[in-house]
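One structure below.
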Amino acid sequence: MARIARQYLDTSFFHIMVQGINKEFIFNNNRYINRYMKLIRENLNKEKLKIIAYCIMNNHAHLLIEVEDKKELSKYMQKVNSLYAKYYNYMENERVGYVFRDRYKSEPILDKRQLIQCVKYIHQNPVKANMVKQIDEYPYSSYYFYQNREINKTGIFTEEEIQFICNKDKSTQEEFLDIDINIENKINNAILEFTKKENIKLFEIFEKDVILKALIKYLKKIKNIKYTNIMKKLDITKGVMDRLKK
């Protein structure tokens, strides 16, 4: 049986994105951003949820959350967003109607590489949007906590990983992650498609060789993903791959 990282089988990390309806600038001044950040902090049950990274932009926000029970995530986001919607509508001359485009979007983080890439992606948002030139110039993200190593208290990242996250130079990113980011996302999406298509749970893939073999065939034949990338993603050796791809 292939050796698979525990966090892949039973992920507790989710990348959350909320966006203003019709891309409206619902966080268009410091007062609004500070209110949303306050709601994020005040409604956080630290025994059940942890905020790993965040960035509040002008018309959307990113959160990286660790949670054991996804039901708690749903309750938390619903409460934060509903409270903010009431506040926003009141402040905007008693505006009425929806504030957020959707309830929220959620993407599971399936392994450590994707987790690190997600933190970097969240912090780089203001730079990509040309709001600032450097990541540390933007005050409404968690970059400060990484830069000052306060994130070390969580025990999630090693010092080397934090140094990489805080590195403003993107040139070493693929070398560190050991797999192309676009391929990473492509494989993640393909695996989720496979589980839905076959009506199975993620953990079932690794309980039986026949299912794992079918997944590898799906990734290679249907999604045209190289065996080397599949091996890196699934953390399997060449010997195991040679046996399963027959």
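Residue numbering restarts at 1 for every chain of the structure tokens, chains are lettered A, B, ... in their displayed order, and ligands are numbered from 1 as they appear.
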
Practice item. From the DSSP assignment of the backbone, select every residue of segment 2-213 of chain A that is strand (DSSP E or B), and format the answer as number ranges by chain. Key: A: 13-20, 49-56, 60-67, 100, 105-109, 141

Check your understanding: Leaving out Cys118 of chain A and any residue of its chain fewer than 6 positions from it, which residues lie within 9 Å of it when counting only C-alpha atoms, given as a ChimeraX atom specification?
Key -> /A:15,53,64,109

Review point. If you run DSSP on this backbone, which residues of segment 7-242 of chain A come out as helix (DSSP H, G or I), and could you give them as an NGL selection string?
Key: :A and (7-9 or 21-23 or 30-42 or 70-91 or 112-128 or 135-137 or 143-147 or 150-154 or 159-166 or 170-177 or 181-198 or 202-206 or 209-222 or 227-234 or 238-242)

**Study point:** Minimum-distance residue to Glu161 of chain A, chosen among A:Tyr144, A:Phe194, A:Lys128, A:Lys120 (using only C-alpha atoms)
**Key:** A:Lys120

Check your understanding: Can you tell me, as a ChimeraX atom specification, what residues are no more than 8 Å from segment 210-219 of chain A when counting only C-alpha atoms, ignoring any on the same chain fewer than 3 positions away?
Key -> /A:187,190-191,194,204-207,222-225,230,244-245

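The spacing separating atom CA of Phe25 of chain A from atom CA of Lys70 of chain A amounts to 28.2 Å.
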
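Nearest to Ile116 of chain A of all the residues A:Glu160, A:Glu72, A:Glu193, A:Asp136 is A:Glu160, counting only C-alpha atoms.
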
**Study point:** Using only C-alpha atoms: which of A:Arg101, A:Arg35, A:Lys50, A:Arg41 has the shortest distance to Val18 of chain A
**Key:** A:Arg101

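When atom CA of Lys71 of chain A is paired with atom CA of Lys201 of chain A, their separation reads 17.5 Å.
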
Do you know which residues are at most 10 Å from segment 165-167 of chain A counting only C-alpha atoms, after dropping those on the same chain fewer than 5 positions away, and could you put them as an mmCIF file with N, CA and C atoms, in the first residue's frame?
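Saved as around.cif:
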```
data_model
loop_
_atom_site.group_PDB
_atom_site.id
_atom_site.type_symbol
_atom_site.label_atom_id
_atom_site.label_comp_id
_atom_site.auth_asym_id
_atom_site.auth_seq_id
_atom_site.Cartn_x
_atom_site.Cartn_y
_atom_site.Cartn_z
ATOM 1 N N ILE A 116 1.357 25.793 2.255
ATOM 2 C CA ILE A 116 2.354 26.857 2.178
ATOM 3 C C ILE A 116 2.074 27.774 0.984
ATOM 4 N N GLN A 117 1.758 27.182 -0.143
ATOM 5 C CA GLN A 117 1.461 27.976 -1.337
ATOM 6 C C GLN A 117 0.244 28.871 -1.119
ATOM 7 N N CYS A 118 -0.744 28.366 -0.373
ATOM 8 C CA CYS A 118 -1.952 29.135 -0.101
ATOM 9 C C CYS A 118 -1.640 30.358 0.758
ATOM 10 N N VAL A 119 -0.794 30.189 1.775
ATOM 11 C CA VAL A 119 -0.416 31.326 2.625
ATOM 12 C C VAL A 119 0.273 32.398 1.791
ATOM 13 N N LYS A 120 1.189 31.980 0.926
ATOM 14 C CA LYS A 120 1.894 32.946 0.070
ATOM 15 C C LYS A 120 0.916 33.642 -0.877
ATOM 16 N N TYR A 121 0.009 32.863 -1.439
ATOM 17 C CA TYR A 121 -0.980 33.431 -2.363
ATOM 18 C C TYR A 121 -1.837 34.491 -1.672
ATOM 19 N N HIS A 123 -1.122 36.320 1.000
ATOM 20 C CA HIS A 123 -0.333 37.515 1.327
ATOM 21 C C HIS A 123 0.040 38.334 0.092
ATOM 22 N N ILE A 135 4.701 43.260 -0.057
ATOM 23 C CA ILE A 135 3.704 42.594 0.793
ATOM 24 C C ILE A 135 3.572 43.261 2.157
ATOM 25 N N ASP A 136 4.718 43.650 2.739
ATOM 26 C CA ASP A 136 4.680 44.181 4.098
ATOM 27 C C ASP A 136 4.154 45.611 4.183
ATOM 28 N N TYR A 143 0.456 38.888 7.218
ATOM 29 C CA TYR A 143 1.887 38.830 6.906
ATOM 30 C C TYR A 143 2.737 39.289 8.090
ATOM 31 N N TYR A 144 2.269 40.292 8.809
ATOM 32 C CA TYR A 144 3.005 40.805 9.976
ATOM 33 C C TYR A 144 3.318 39.697 10.972
ATOM 34 N N PHE A 145 2.344 38.810 11.206
ATOM 35 C CA PHE A 145 2.515 37.753 12.196
ATOM 36 C C PHE A 145 3.542 36.723 11.740
ATOM 37 N N TYR A 146 3.626 36.504 10.435
ATOM 38 C CA TYR A 146 4.642 35.596 9.906
ATOM 39 C C TYR A 146 6.017 36.255 9.960
ATOM 40 N N GLN A 147 6.060 37.528 9.594
ATOM 41 C CA GLN A 147 7.319 38.259 9.576
ATOM 42 C C GLN A 147 7.932 38.329 10.980
ATOM 43 N N ASN A 148 7.087 38.410 11.988
ATOM 44 C CA ASN A 148 7.553 38.492 13.367
ATOM 45 C C ASN A 148 7.521 37.138 14.085
ATOM 46 N N ARG A 149 7.328 36.100 13.301
ATOM 47 C CA ARG A 149 7.398 34.714 13.782
ATOM 48 C C ARG A 149 6.355 34.370 14.837
ATOM 49 N N PHE A 157 4.135 25.385 11.109
ATOM 50 C CA PHE A 157 5.229 25.532 10.164
ATOM 51 C C PHE A 157 6.577 25.485 10.863
ATOM 52 N N GLU A 159 10.649 26.704 10.984
ATOM 53 C CA GLU A 159 11.293 27.993 10.773
ATOM 54 C C GLU A 159 11.666 28.163 9.296
ATOM 55 N N GLU A 160 12.110 27.101 8.663
ATOM 56 C CA GLU A 160 12.470 27.160 7.243
ATOM 57 C C GLU A 160 11.250 27.516 6.399
ATOM 58 N N THR A 172 12.137 31.236 -6.016
ATOM 59 C CA THR A 172 12.458 29.945 -5.394
ATOM 60 C C THR A 172 11.213 29.136 -5.059
ATOM 61 N N GLN A 173 10.055 29.636 -5.427
ATOM 62 C CA GLN A 173 8.811 29.009 -4.989
ATOM 63 C C GLN A 173 8.671 27.573 -5.484
#
```

Check your understanding: Any idea what's packed within 8 Å of segment 85-98 of chain A, counting only C-alpha atoms, ignoring anything in its chain fewer than 2 positions away? Could you give it as an NGL selection string?
Key -> :A and (21 or 26 or 32 or 81-83 or 100-101)

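Relative to atom CA of Ile56 of chain A, atom CA of Met37 of chain A is found at 8.1 Å.
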
Practice item. Would you list the contacts of Leu63 of chain A as a list in words, taking every protein, DNA or RNA residue within 8 Å and counting only C-alpha atoms, but skipping same-chain residues closer than 4 positions in sequence? Key: His15, Ile16, Met17, Ile51, Ile52, Ala53, Tyr54, Cys55 and Ile122 of chain A

Deliver the residues from the most recent selection as a file, using N, CA and C atoms, as a PDB file, in the first residue's frame.
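Ended up saving to selection_4.pdb:
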```
ATOM      1  N   HIS A  15      -9.228  26.937   2.521  1.00  0.00           N
ATOM      2  CA  HIS A  15      -9.043  28.285   1.998  1.00  0.00           C
ATOM      3  C   HIS A  15     -10.434  28.852   1.706  1.00  0.00           C
ATOM      4  N   ILE A  16     -10.779  29.916   2.409  1.00  0.00           N
ATOM      5  CA  ILE A  16     -12.101  30.532   2.298  1.00  0.00           C
ATOM      6  C   ILE A  16     -11.990  31.863   1.561  1.00  0.00           C
ATOM      7  N   MET A  17     -12.921  32.109   0.623  1.00  0.00           N
ATOM      8  CA  MET A  17     -12.976  33.411  -0.020  1.00  0.00           C
ATOM      9  C   MET A  17     -14.403  33.939   0.013  1.00  0.00           C
ATOM     10  N   ILE A  51      -7.363  30.739  12.760  1.00  0.00           N
ATOM     11  CA  ILE A  51      -7.084  31.493  11.546  1.00  0.00           C
ATOM     12  C   ILE A  51      -5.585  31.369  11.267  1.00  0.00           C
ATOM     13  N   ILE A  52      -5.225  30.746  10.179  1.00  0.00           N
ATOM     14  CA  ILE A  52      -3.821  30.526   9.833  1.00  0.00           C
ATOM     15  C   ILE A  52      -3.285  31.695   9.006  1.00  0.00           C
ATOM     16  N   ALA A  53      -4.113  32.262   8.157  1.00  0.00           N
ATOM     17  CA  ALA A  53      -3.708  33.424   7.355  1.00  0.00           C
ATOM     18  C   ALA A  53      -4.965  34.160   6.899  1.00  0.00           C
ATOM     19  N   TYR A  54      -4.803  35.455   6.610  1.00  0.00           N
ATOM     20  CA  TYR A  54      -5.934  36.219   6.109  1.00  0.00           C
ATOM     21  C   TYR A  54      -5.444  37.431   5.326  1.00  0.00           C
ATOM     22  N   CYS A  55      -6.326  37.951   4.493  1.00  0.00           N
ATOM     23  CA  CYS A  55      -6.072  39.214   3.794  1.00  0.00           C
ATOM     24  C   CYS A  55      -7.428  39.793   3.406  1.00  0.00           C
ATOM     25  N   ILE A 122      -2.289  34.196  -0.464  1.00  0.00           N
ATOM     26  CA  ILE A 122      -3.124  35.135   0.288  1.00  0.00           C
ATOM     27  C   ILE A 122      -2.365  36.428   0.561  1.00  0.00           C
TER      28      ILE A 122
END
```

Review point. Which of these, A:Tyr227, A:Phe14, A:Phe203, A:Tyr84, has the shortest distance to Ile40 of chain A once you count only C-alpha atoms?
Key: A:Tyr84
